[in-house]
Structures are given as structure tokens and as C-alpha cells.
file final.cif (mmCIF, C-alpha atoms)
data_upload
loop_
_atom_site.label_atom_id
_atom_site.label_comp_id
_atom_site.auth_asym_id
_atom_site.auth_seq_id
_atom_site.Cartn_x
_atom_site.Cartn_y
_atom_site.Cartn_z
CA MET I 941 16.93 42.77 -38.45
CA THR I 942 14.62 45.61 -39.45
CA SER I 943 15.85 47.12 -42.73
CA ILE I 944 17.34 44.69 -45.25
CA PRO I 945 19.06 45.60 -48.54
CA ILE I 946 17.85 43.78 -51.64
CA ARG I 947 20.78 42.04 -53.31
CA ARG I 948 18.91 39.43 -55.36
CA ALA I 949 15.33 39.62 -56.62
CA LEU I 950 13.29 36.89 -58.28
CA LEU I 951 10.69 38.31 -60.67
CA SER I 952 8.05 36.01 -62.16
CA VAL I 953 4.73 37.56 -63.06
CA SER I 954 1.72 36.77 -65.20
CA ASP I 955 0.49 40.36 -65.20
CA LYS I 956 3.54 42.32 -66.34
CA THR I 957 2.16 45.76 -65.52
CA GLY I 958 5.02 47.86 -64.15
CA ILE I 959 7.52 44.99 -64.00
CA VAL I 960 10.00 46.55 -66.44
CA GLU I 961 10.03 49.82 -64.50
CA LEU I 962 10.56 47.90 -61.27
CA GLY I 963 13.39 45.91 -62.85
CA GLN I 964 15.03 49.11 -64.03
CA SER I 965 14.83 50.65 -60.56
CA LEU I 966 16.24 47.54 -58.89
CA ALA I 967 19.05 47.19 -61.43
CA ALA I 968 20.01 50.82 -60.85
CA LYS I 969 20.44 49.90 -57.17
CA GLY I 970 22.78 47.05 -58.07
CA VAL I 971 20.22 44.27 -57.49
CA GLU I 972 20.77 40.97 -59.31
CA LEU I 973 17.64 40.09 -61.29
CA VAL I 974 16.56 36.46 -61.64
CA SER I 975 13.52 35.64 -63.71
CA THR I 976 11.52 33.09 -65.66
CA GLY I 977 10.02 32.72 -69.14
CA GLY I 978 8.06 35.67 -70.41
CA THR I 979 9.07 37.91 -67.52
CA ALA I 980 12.75 37.39 -68.31
CA LYS I 981 12.08 38.19 -71.97
CA ALA I 982 10.24 41.40 -71.10
CA LEU I 983 13.11 42.53 -68.89
CA ARG I 984 15.75 41.64 -71.51
CA ASP I 985 13.79 43.39 -74.22
CA ALA I 986 14.08 46.52 -72.04
CA GLY I 987 17.86 46.12 -72.01
CA LEU I 988 18.20 44.67 -68.52
CA ASP I 989 20.70 42.00 -67.50
CA VAL I 990 18.66 39.05 -66.24
CA ARG I 991 19.71 35.66 -64.94
CA ASP I 992 17.45 32.77 -65.92
CA ILE I 993 16.07 30.66 -63.10
CA SER I 994 17.58 27.64 -64.87
CA ASP I 995 21.04 29.16 -64.39
CA LEU I 996 20.31 29.34 -60.67
CA THR I 997 18.96 25.81 -60.29
CA GLY I 998 21.07 24.01 -62.88
CA PHE I 999 17.90 22.53 -64.38
CA PRO I 1000 16.00 23.73 -67.45
CA GLU I 1001 12.38 24.79 -67.31
CA MET I 1002 10.52 21.64 -68.28
CA MET I 1003 7.14 20.01 -68.81
CA ASP I 1004 5.71 23.05 -70.60
CA GLY I 1005 6.81 25.31 -67.75
CA ARG I 1006 5.10 23.27 -65.05
CA VAL I 1007 8.46 22.74 -63.37
CA LYS I 1008 10.85 25.67 -63.14
CA THR I 1009 10.98 27.20 -59.64
CA LEU I 1010 10.16 24.05 -57.63
CA HIS I 1011 13.74 23.47 -56.56
CA PRO I 1012 15.71 23.51 -53.27
CA VAL I 1013 17.99 26.24 -54.61
CA VAL I 1014 14.97 28.52 -54.93
CA HIS I 1015 13.13 27.57 -51.78
CA GLY I 1016 16.30 27.25 -49.74
CA GLY I 1017 17.17 30.80 -50.78
CA LEU I 1018 13.74 31.91 -49.63
CA LEU I 1019 13.33 29.92 -46.41
CA ALA I 1020 16.80 30.05 -44.86
CA VAL I 1021 16.89 31.84 -41.51
CA ARG I 1022 19.78 34.19 -42.11
CA ASP I 1023 21.04 34.35 -38.52
CA ASP I 1024 20.80 30.58 -37.96
CA ALA I 1025 24.29 29.11 -38.33
CA GLY I 1026 22.93 25.68 -39.25
CA HIS I 1027 20.71 27.06 -42.00
CA MET I 1028 23.53 29.08 -43.48
CA ALA I 1029 25.95 26.16 -43.28
CA SER I 1030 23.47 24.06 -45.28
CA ALA I 1031 23.08 26.87 -47.79
CA SER I 1032 26.85 27.11 -48.20
CA GLU I 1033 27.25 23.34 -48.52
CA HIS I 1034 24.69 23.16 -51.31
CA ALA I 1035 25.61 26.45 -53.03
CA ILE I 1036 22.28 28.07 -52.23
CA GLY I 1037 22.30 31.85 -52.56
CA MET I 1038 19.85 34.00 -50.65
CA ILE I 1039 16.88 35.67 -52.35
CA ASP I 1040 15.81 38.94 -50.72
CA LEU I 1041 12.79 39.85 -52.84
CA VAL I 1042 10.18 37.83 -54.70
CA VAL I 1043 7.75 39.56 -57.06
CA VAL I 1044 5.01 37.18 -58.14
CA ASN I 1045 1.45 37.34 -59.34
CA LEU I 1046 -0.38 34.18 -60.20
CA TYR I 1047 -1.74 32.53 -63.33
CA PRO I 1048 -5.14 34.08 -64.12
CA PHE I 1049 -7.30 31.17 -62.98
CA ALA I 1050 -10.52 33.10 -62.28
CA GLN I 1051 -10.21 35.10 -65.50
CA THR I 1052 -9.68 31.89 -67.47
CA VAL I 1053 -12.85 30.39 -66.00
CA ALA I 1054 -14.79 33.62 -66.59
CA LYS I 1055 -13.96 33.70 -70.30
CA GLY I 1056 -15.47 30.22 -70.77
CA ALA I 1057 -12.26 28.31 -71.39
CA ASP I 1058 -12.35 24.54 -71.70
CA ARG I 1059 -11.33 22.24 -68.86
CA ASP I 1060 -7.77 21.62 -70.08
CA GLU I 1061 -7.01 25.34 -70.30
CA ILE I 1062 -8.52 25.93 -66.87
CA ILE I 1063 -6.35 23.20 -65.35
CA GLU I 1064 -3.23 24.66 -66.97
CA ASN I 1065 -4.03 27.98 -65.32
CA ILE I 1066 -3.79 26.52 -61.83
CA ASP I 1067 -0.52 28.01 -60.63
CA ILE I 1068 1.75 25.74 -58.56
CA GLY I 1069 5.20 27.32 -58.48
CA GLY I 1070 3.87 30.83 -57.91
CA PRO I 1071 1.89 30.10 -54.72
CA SER I 1072 4.76 27.94 -53.46
CA MET I 1073 7.20 30.84 -53.76
CA VAL I 1074 4.66 33.26 -52.30
CA ARG I 1075 4.15 31.08 -49.25
CA SER I 1076 7.86 30.41 -48.71
CA ALA I 1077 8.79 34.07 -48.95
CA ALA I 1078 5.85 35.17 -46.78
CA LYS I 1079 6.71 32.66 -44.07
CA ASN I 1080 10.27 33.99 -43.97
CA HIS I 1081 9.22 37.66 -44.07
CA ALA I 1082 11.71 38.44 -41.31
CA TYR I 1083 14.31 38.32 -44.10
CA VAL I 1084 12.45 38.19 -47.43
CA ALA I 1085 10.00 40.58 -49.06
CA ILE I 1086 7.13 39.07 -51.07
CA VAL I 1087 5.35 41.48 -53.39
CA THR I 1088 2.16 40.30 -55.09
CA ASP I 1089 0.53 43.67 -55.86
CA PRO I 1090 1.96 46.07 -58.46
CA ALA I 1091 0.78 48.91 -56.23
CA ASP I 1092 3.63 47.96 -53.88
CA TYR I 1093 6.39 48.05 -56.50
CA GLY I 1094 7.37 51.56 -55.49
CA VAL I 1095 8.08 50.42 -51.94
CA VAL I 1096 10.72 47.88 -52.99
CA ALA I 1097 12.10 49.97 -55.88
CA THR I 1098 14.22 51.75 -53.26
CA GLY I 1099 16.46 48.69 -53.01
CA GLU I 1100 15.71 47.87 -49.39
CA THR I 1101 12.75 46.82 -47.27
CA SER I 1102 11.64 47.48 -43.72
CA LEU I 1103 10.27 44.82 -41.40
CA GLU I 1104 6.99 46.72 -41.26
CA ALA I 1105 6.66 46.54 -45.05
CA ARG I 1106 7.63 42.87 -45.17
CA ARG I 1107 5.01 42.00 -42.56
CA ARG I 1108 2.37 43.87 -44.55
CA PHE I 1109 3.45 42.17 -47.77
CA ALA I 1110 3.19 38.75 -46.07
CA ALA I 1111 -0.35 39.44 -44.90
CA THR I 1112 -1.34 40.53 -48.42
CA ALA I 1113 0.34 37.45 -49.90
CA TYR I 1114 -1.47 34.92 -47.70
CA ALA I 1115 -4.79 36.66 -48.38
CA LEU I 1116 -4.05 36.28 -52.11
CA THR I 1117 -3.25 32.56 -51.90
CA ALA I 1118 -6.35 31.98 -49.75
CA GLN I 1119 -8.57 33.65 -52.36
CA TYR I 1120 -6.79 31.82 -55.19
CA ASP I 1121 -7.22 28.39 -53.60
CA ALA I 1122 -10.84 29.17 -52.69
CA ALA I 1123 -11.58 29.94 -56.34
CA ILE I 1124 -9.99 26.69 -57.47
CA ALA I 1125 -11.77 24.61 -54.85
CA SER I 1126 -15.11 26.20 -55.73
CA TRP I 1127 -14.60 25.56 -59.45
CA PHE I 1128 -13.81 21.90 -58.81
CA ALA I 1129 -16.85 21.50 -56.55
CA PHE I 1130 -19.48 23.37 -58.54
CA ALA I 1131 -18.37 23.42 -62.17
CA ASP I 1132 -16.23 20.30 -62.48
CA GLN I 1133 -18.02 17.95 -60.09
CA GLY I 1134 -21.49 19.47 -60.34
CA GLU I 1135 -22.04 19.48 -56.58
CA HIS I 1136 -24.92 21.55 -55.26
CA PHE I 1137 -23.80 21.41 -51.63
CA PRO I 1138 -20.10 20.53 -51.39
CA ALA I 1139 -18.83 19.18 -48.09
CA THR I 1140 -16.48 22.16 -47.79
CA LEU I 1141 -17.35 25.60 -49.13
CA PRO I 1142 -14.41 28.03 -48.93
CA LEU I 1143 -15.67 31.60 -48.82
CA VAL I 1144 -13.53 34.71 -49.23
CA PHE I 1145 -14.82 38.23 -48.71
CA LYS I 1146 -13.28 41.60 -49.51
CA ARG I 1147 -13.92 44.75 -47.56
CA GLY I 1148 -16.25 47.16 -49.29
CA GLU I 1149 -17.35 50.48 -47.89
CA ALA I 1150 -16.98 51.54 -44.28
CA LEU I 1151 -20.31 51.94 -42.48
CA ARG I 1152 -21.29 54.89 -40.34
CA TYR I 1153 -21.52 52.69 -37.26
CA GLY I 1154 -22.09 49.12 -36.17
CA GLU I 1155 -24.96 47.72 -34.16
CA ASN I 1156 -24.65 50.76 -31.90
CA PRO I 1157 -23.44 54.29 -32.70
CA HIS I 1158 -20.22 53.87 -30.70
CA GLN I 1159 -19.14 50.80 -32.70
CA SER I 1160 -17.24 50.83 -35.99
CA ALA I 1161 -18.25 48.56 -38.87
CA ALA I 1162 -17.53 47.74 -42.51
CA LEU I 1163 -19.34 45.90 -45.29
CA TYR I 1164 -17.63 42.79 -46.70
CA LEU I 1165 -18.64 41.45 -50.11
CA PRO I 1166 -17.95 38.02 -51.66
CA ALA I 1167 -14.75 37.98 -53.70
CA GLY I 1168 -15.08 36.59 -57.21
CA PRO I 1169 -17.32 37.09 -60.22
CA ALA I 1170 -20.62 36.47 -58.44
CA ALA I 1171 -22.09 36.38 -54.96
CA LEU I 1172 -22.87 33.01 -53.43
CA GLY I 1173 -26.04 32.12 -51.68
CA ILE I 1174 -26.10 29.54 -48.88
CA ALA I 1175 -29.21 27.48 -48.15
#
call {"tool": "encode", "arguments": {"input": "final.cif", "output": "C-alpha cells"}}
result
Amino acid sequence: MTSIPIRRALLSVSDKTGIVELGQSLAAKGVELVSTGGTAKALRDAGLDVRDISDLTGFPEMMDGRVKTLHPVVHGGLLAVRDDAGHMASASEHAIGMIDLVVVNLYPFAQTVAKGADRDEIIENIDIGGPSMVRSAAKNHAYVAIVTDPADYGVVATGETSLEARRRFAATAYALTAQYDAAIASWFAFADQGEHFPATLPLVFKRGEALRYGENPHQSAALYLPAGPAALGIA
């Protein structure tokens, strides 16, 4: 299936830039909004009808919010192959409704480290549920849209998504989780464990400027720079 209407959207963001406007656009298209914690409050404060994730799962958010979306009702709704009769029979048996759109950005781990937070605060800013939803939705991008960048809100505000957009969103999402995990692994190795040369060094680079040409004039090239607060040297 190429174009899919959005009937249910799960919104759970740390950075709430533009989320109310997106919620308003989706609601105007008849989309059911499901949300968590502070995101749900922001949407309700704007007058939107929002369903708590706990209403969906039948379990309250618990353990200081560490456990809220880690539930088969959520991940079944994200991972079910919609044209697989067995998948849909399981969903029906266990009262799992489909989720067509996930809008997630992650706990600000790198920013928490950069501001000099203590170890306990840094650990609490390692997101678990967010990356899990991102990965589930991205894997099932044939049916589910995963939006991790507010710049893409306008694309899904229309109330439907194309396969081309969902594939692009999935690529962006996996790049995000790769960078996020690389930052966490690096912090554990260098800052927490004090290793000078860890056994594994995950490196993530972002494209900078395009270059006039590569090694030869007929070749294209681009400059990639280390992602994160500082460049790393390898010796």
C-alpha cells in the first residue's frame, strides 16, 4: 500500500516545538491522538482531546515514567503487518489497535551531559521507550510513519502518508537512534569508565558542505564532520 490515512497517532516528545500545531492539524483530520505525560498535558492545555497511553495499555505510567510505552499493545500496534491475516488475528484476539503515526524525539542525553549534570541525572536521560518505539515504527514503515524531526511535521499534518515519505522517515529515524546510542556508549567509555582507548569506538558523522569535486574533477564529494559537541581524535 502506498498512501495510508492516519487514523491514530502516538505523540510523545521531549522537545515540544510545534507539537501543539501538529496535534491541532491531525485532530482536524479526525485523527485519534494518544500521548504521554507532558506531551499529553501540552495538547490538553491547547484544548485537544487526547487519550492517555495508560488508557490504551490498561497500565499506569510507573517507576517515575521509566515504564509507560513498553507494552505489547503499543508495539503490537506498531509492528503488525496489516495485510498478514495471522498478525491481524493476533491483534484482534488481544484487542490491539493499529497505530499509523508515531511522533517521538528523545530525552536530551547529549545536552544533559554538556551542561555538566551529575551521573544520576545523566542516567535518567537515557531514553528507553522512545528509541524502542522509533525502531518498531521504522521497521514497519510499510504501514507506519515515524517522525523524529519537527521539520517533517508538515508532511504528516495532511492526515495521510506516502510510502516514499515513510521510507525517508525510517532512514532519518535509524540515523537518529545510531547517533543517540553512539553518544551514550562514548559517555560510558570515556567519562564514566575513564577509558583512553575503548575496545569499541562508535563514530557518527554528519554531512557538512558539498565539495567542488572529489579526488578528480569528474567525481562528486562532500565533507563529513563528527556529530556531537567535539571532534574526536584517533591515535
call {"tool": "residues_around", "arguments": {"input": "final.cif", "residues": "Ala1161 in chain I", "least_positions_apart": "3", "cutoff": "8 Å", "atoms": "only C-alpha atoms", "output": "PDB file with C-alpha atoms, keeping the file's coordinate frame"}}
result
ATOM      1  CA  ALA I1150     -16.980  51.540 -44.280  1.00  0.00           C
ATOM      2  CA  LEU I1151     -20.310  51.940 -42.480  1.00  0.00           C
ATOM      3  CA  ARG I1152     -21.290  54.890 -40.340  1.00  0.00           C
ATOM      4  CA  TYR I1153     -21.520  52.690 -37.260  1.00  0.00           C
ATOM      5  CA  GLY I1154     -22.090  49.120 -36.170  1.00  0.00           C
TER       6      GLY I1154
END
call {"tool": "closest_atom_pairs", "arguments": {"input": "final.cif", "of": "range 1009-1078 of chain I", "to": "range 1114-1130 of chain I", "cutoff": "8 Å", "atoms": "only C-alpha atoms", "output": "CSV"}}
result
residue,atom,partner,partner_atom,distance
I:Phe1049,CA,I:Ile1124,CA,7.6
I:Ala1050,CA,I:Ala1123,CA,6.8
I:Ile1066,CA,I:Ile1124,CA,7.6
I:Pro1071,CA,I:Thr1117,CA,6.4
I:Val1074,CA,I:Tyr1114,CA,7.8
I:Arg1075,CA,I:Tyr1114,CA,7.0
I:Ala1078,CA,I:Tyr1114,CA,7.4
call {"tool": "residues_around", "arguments": {"input": "final.cif", "residues": "Leu996 in chain I", "least_positions_apart": "4", "cutoff": "9 Å", "atoms": "all atoms listed in the file", "output": "number ranges by chain"}}
result
I: 974, 991-992, 1013-1014, 1036-1037
call {"tool": "write_last_selection", "arguments": {"input": "final.cif", "atoms": "C-alpha atoms", "output": "PDB file, keeping the file's coordinate frame"}}
result
ATOM      1  CA  VAL I 974      16.560  36.460 -61.640  1.00  0.00           C
ATOM      2  CA  ARG I 991      19.710  35.660 -64.940  1.00  0.00           C
ATOM      3  CA  ASP I 992      17.450  32.770 -65.920  1.00  0.00           C
ATOM      4  CA  VAL I1013      17.990  26.240 -54.610  1.00  0.00           C
ATOM      5  CA  VAL I1014      14.970  28.520 -54.930  1.00  0.00           C
ATOM      6  CA  ILE I1036      22.280  28.070 -52.230  1.00  0.00           C
ATOM      7  CA  GLY I1037      22.300  31.850 -52.560  1.00  0.00           C
TER       8      GLY I1037
END
call {"tool": "axis_aligned_box", "arguments": {"input": "final.cif", "around": "range 1108-1121 of chain I", "padding_each_side": "8 Å", "output": "lines of an AutoDock Vina configuration file"}}
result
center_x = -2.6
center_y = 36.1
center_z = -49.9
size_x = 28.0
size_y = 31.5
size_z = 26.6
call {"tool": "residues_around", "arguments": {"input": "final.cif", "residues": "range 960-965 of chain I", "least_positions_apart": "2", "cutoff": "6 Å", "atoms": "only C-alpha atoms", "output": "ChimeraX atom specification"}}
result
/I:958,967-968,983,1097
call {"tool": "resolve_selection", "arguments": {"input": "final.cif", "expression": "the PyMOL selection byres ((chain I and resi 1070) around 10)", "output": "number ranges by chain"}}
result
I: 952-954, 1009-1010, 1042-1047, 1066-1069, 1071-1075, 1117
call {"tool": "closest_residue", "arguments": {"input": "final.cif", "among": "I:Ala1113, I:Ile959, I:Val1144, I:Val1095", "to": "Lys1079 in chain I", "atoms": "all atoms listed in the file"}}
result
I:Ala1113
call {"tool": "closest_residue", "arguments": {"input": "final.cif", "among": "I:His1158, I:Arg1147, I:Arg1107, I:Arg1059", "to": "Ala1085 in chain I", "atoms": "only C-alpha atoms"}}
result
I:Arg1107
call {"tool": "closest_residue", "arguments": {"input": "final.cif", "among": "I:Ser1160, I:Leu951, I:Thr1140, I:Leu1041", "to": "Thr1098 in chain I", "atoms": "all atoms listed in the file"}}
result
I:Leu1041
call {"tool": "resolve_selection", "arguments": {"input": "final.cif", "expression": "the PyMOL selection byres ((chain I and resi 1083) around 10)", "output": "list in words"}}
result
Met941, Thr942, Ser943, Ile944, Pro945, Ile946, Leu1018, Leu1019, Ala1020, Val1021, Arg1022, Asp1023, Met1038, Ile1039, Asp1040, Leu1041, Ala1077, Ala1078, Lys1079, Asn1080, His1081, Ala1082, Val1084, Ala1085, Thr1101, Ser1102, Leu1103 and Arg1106 of chain I
call {"tool": "atom_distance", "arguments": {"input": "final.cif", "atom1": "CA of His1034 in chain I", "atom2": "CA of His1011 in chain I"}}
result
12.1 Å
call {"tool": "closest_residue", "arguments": {"input": "final.cif", "among": "I:Ala1139, I:Ala1091, I:Gly1017, I:Asp1132", "to": "Ile1063 in chain I", "atoms": "only C-alpha atoms"}}
result
I:Asp1132
call {"tool": "closest_residue", "arguments": {"input": "final.cif", "among": "I:Val1007, I:Gly1134, I:Pro1090, I:Ala1167", "to": "Gly1148 in chain I", "atoms": "only C-alpha atoms"}}
result
I:Ala1167
call {"tool": "closest_residue", "arguments": {"input": "final.cif", "among": "I:Glu1064, I:Asp1058, I:Glu1104, I:Glu1149", "to": "Asp1004 in chain I", "atoms": "all atoms listed in the file"}}
result
I:Glu1064
call {"tool": "atom_distance", "arguments": {"input": "final.cif", "atom1": "CA of Lys981 in chain I", "atom2": "CA of Arg948 in chain I"}}
result
18.0 Å
call {"tool": "atom_distance", "arguments": {"input": "final.cif", "atom1": "CA of Ala1035 in chain I", "atom2": "CA of Met1003 in chain I"}}
result
25.1 Å
call {"tool": "decode", "arguments": {"input": "final.cif", "residues": "range 975-988 of chain I", "atoms": "all heavy atoms", "output": "short mmCIF file (atom, residue, chain, number, x, y, z; two decimals), in the first residue's frame"}}
result
data_model
loop_
_atom_site.label_atom_id
_atom_site.label_comp_id
_atom_site.auth_asym_id
_atom_site.auth_seq_id
_atom_site.Cartn_x
_atom_site.Cartn_y
_atom_site.Cartn_z
N SER I 975 -1.18 10.01 23.77
CA SER I 975 0.03 10.69 24.21
C SER I 975 0.43 10.27 25.62
O SER I 975 -0.24 9.49 26.28
CB SER I 975 -0.17 12.21 24.13
OG SER I 975 1.05 12.89 24.29
N THR I 976 1.57 10.83 26.05
CA THR I 976 2.13 10.52 27.35
C THR I 976 2.49 11.80 28.10
O THR I 976 2.79 12.82 27.48
CB THR I 976 3.43 9.68 27.21
OG1 THR I 976 4.41 10.47 26.52
CG2 THR I 976 3.19 8.40 26.44
N GLY I 977 2.45 11.72 29.42
CA GLY I 977 3.00 12.74 30.31
C GLY I 977 2.83 14.18 29.89
O GLY I 977 1.73 14.69 29.65
N GLY I 978 3.97 14.86 29.78
CA GLY I 978 3.99 16.28 29.48
C GLY I 978 3.45 16.61 28.11
O GLY I 978 2.88 17.69 27.90
N THR I 979 3.62 15.70 27.15
CA THR I 979 3.08 15.95 25.82
C THR I 979 1.56 15.96 25.86
O THR I 979 0.91 16.83 25.26
CB THR I 979 3.57 14.88 24.83
OG1 THR I 979 4.99 14.80 24.87
CG2 THR I 979 3.13 15.21 23.41
N ALA I 980 0.98 15.00 26.58
CA ALA I 980 -0.48 14.96 26.71
C ALA I 980 -0.99 16.24 27.37
O ALA I 980 -2.02 16.80 26.96
CB ALA I 980 -0.89 13.74 27.52
N LYS I 981 -0.28 16.71 28.39
CA LYS I 981 -0.70 17.94 29.07
C LYS I 981 -0.66 19.13 28.13
O LYS I 981 -1.59 19.95 28.12
CB LYS I 981 0.19 18.19 30.28
CG LYS I 981 -0.20 19.44 31.09
CD LYS I 981 0.71 19.64 32.28
CE LYS I 981 0.23 20.82 33.15
NZ LYS I 981 0.11 22.09 32.39
N ALA I 982 0.41 19.24 27.34
CA ALA I 982 0.53 20.36 26.41
C ALA I 982 -0.61 20.35 25.39
O ALA I 982 -1.16 21.40 25.05
CB ALA I 982 1.88 20.31 25.70
N LEU I 983 -0.97 19.17 24.92
CA LEU I 983 -2.05 19.06 23.95
C LEU I 983 -3.40 19.38 24.59
O LEU I 983 -4.23 20.08 24.00
CB LEU I 983 -2.06 17.66 23.34
CG LEU I 983 -0.82 17.29 22.50
CD1 LEU I 983 -0.84 15.80 22.16
CD2 LEU I 983 -0.76 18.13 21.23
N ARG I 984 -3.60 18.90 25.81
CA ARG I 984 -4.87 19.19 26.51
C ARG I 984 -4.99 20.68 26.84
O ARG I 984 -6.07 21.26 26.75
CB ARG I 984 -4.98 18.36 27.79
CG ARG I 984 -5.27 16.89 27.54
CD ARG I 984 -5.78 16.20 28.80
NE ARG I 984 -6.02 14.80 28.53
CZ ARG I 984 -5.15 13.82 28.81
NH1 ARG I 984 -4.02 14.10 29.42
NH2 ARG I 984 -5.44 12.56 28.51
N ASP I 985 -3.88 21.27 27.23
CA ASP I 985 -3.89 22.69 27.55
C ASP I 985 -4.28 23.53 26.34
O ASP I 985 -4.77 24.66 26.49
CB ASP I 985 -2.52 23.14 28.07
CG ASP I 985 -2.24 22.64 29.49
OD1 ASP I 985 -3.18 22.14 30.15
OD2 ASP I 985 -1.07 22.74 29.93
N ALA I 986 -4.05 22.96 25.13
CA ALA I 986 -4.43 23.65 23.90
C ALA I 986 -5.86 23.31 23.48
O ALA I 986 -6.31 23.70 22.40
CB ALA I 986 -3.46 23.29 22.78
N GLY I 987 -6.57 22.56 24.34
CA GLY I 987 -7.96 22.25 24.07
C GLY I 987 -8.20 21.01 23.24
O GLY I 987 -9.32 20.79 22.76
N LEU I 988 -7.19 20.17 23.08
CA LEU I 988 -7.32 18.98 22.26
C LEU I 988 -7.75 17.78 23.08
O LEU I 988 -7.41 17.65 24.26
CB LEU I 988 -5.99 18.67 21.57
CG LEU I 988 -5.56 19.68 20.50
CD1 LEU I 988 -4.11 19.45 20.08
CD2 LEU I 988 -6.48 19.63 19.29
#
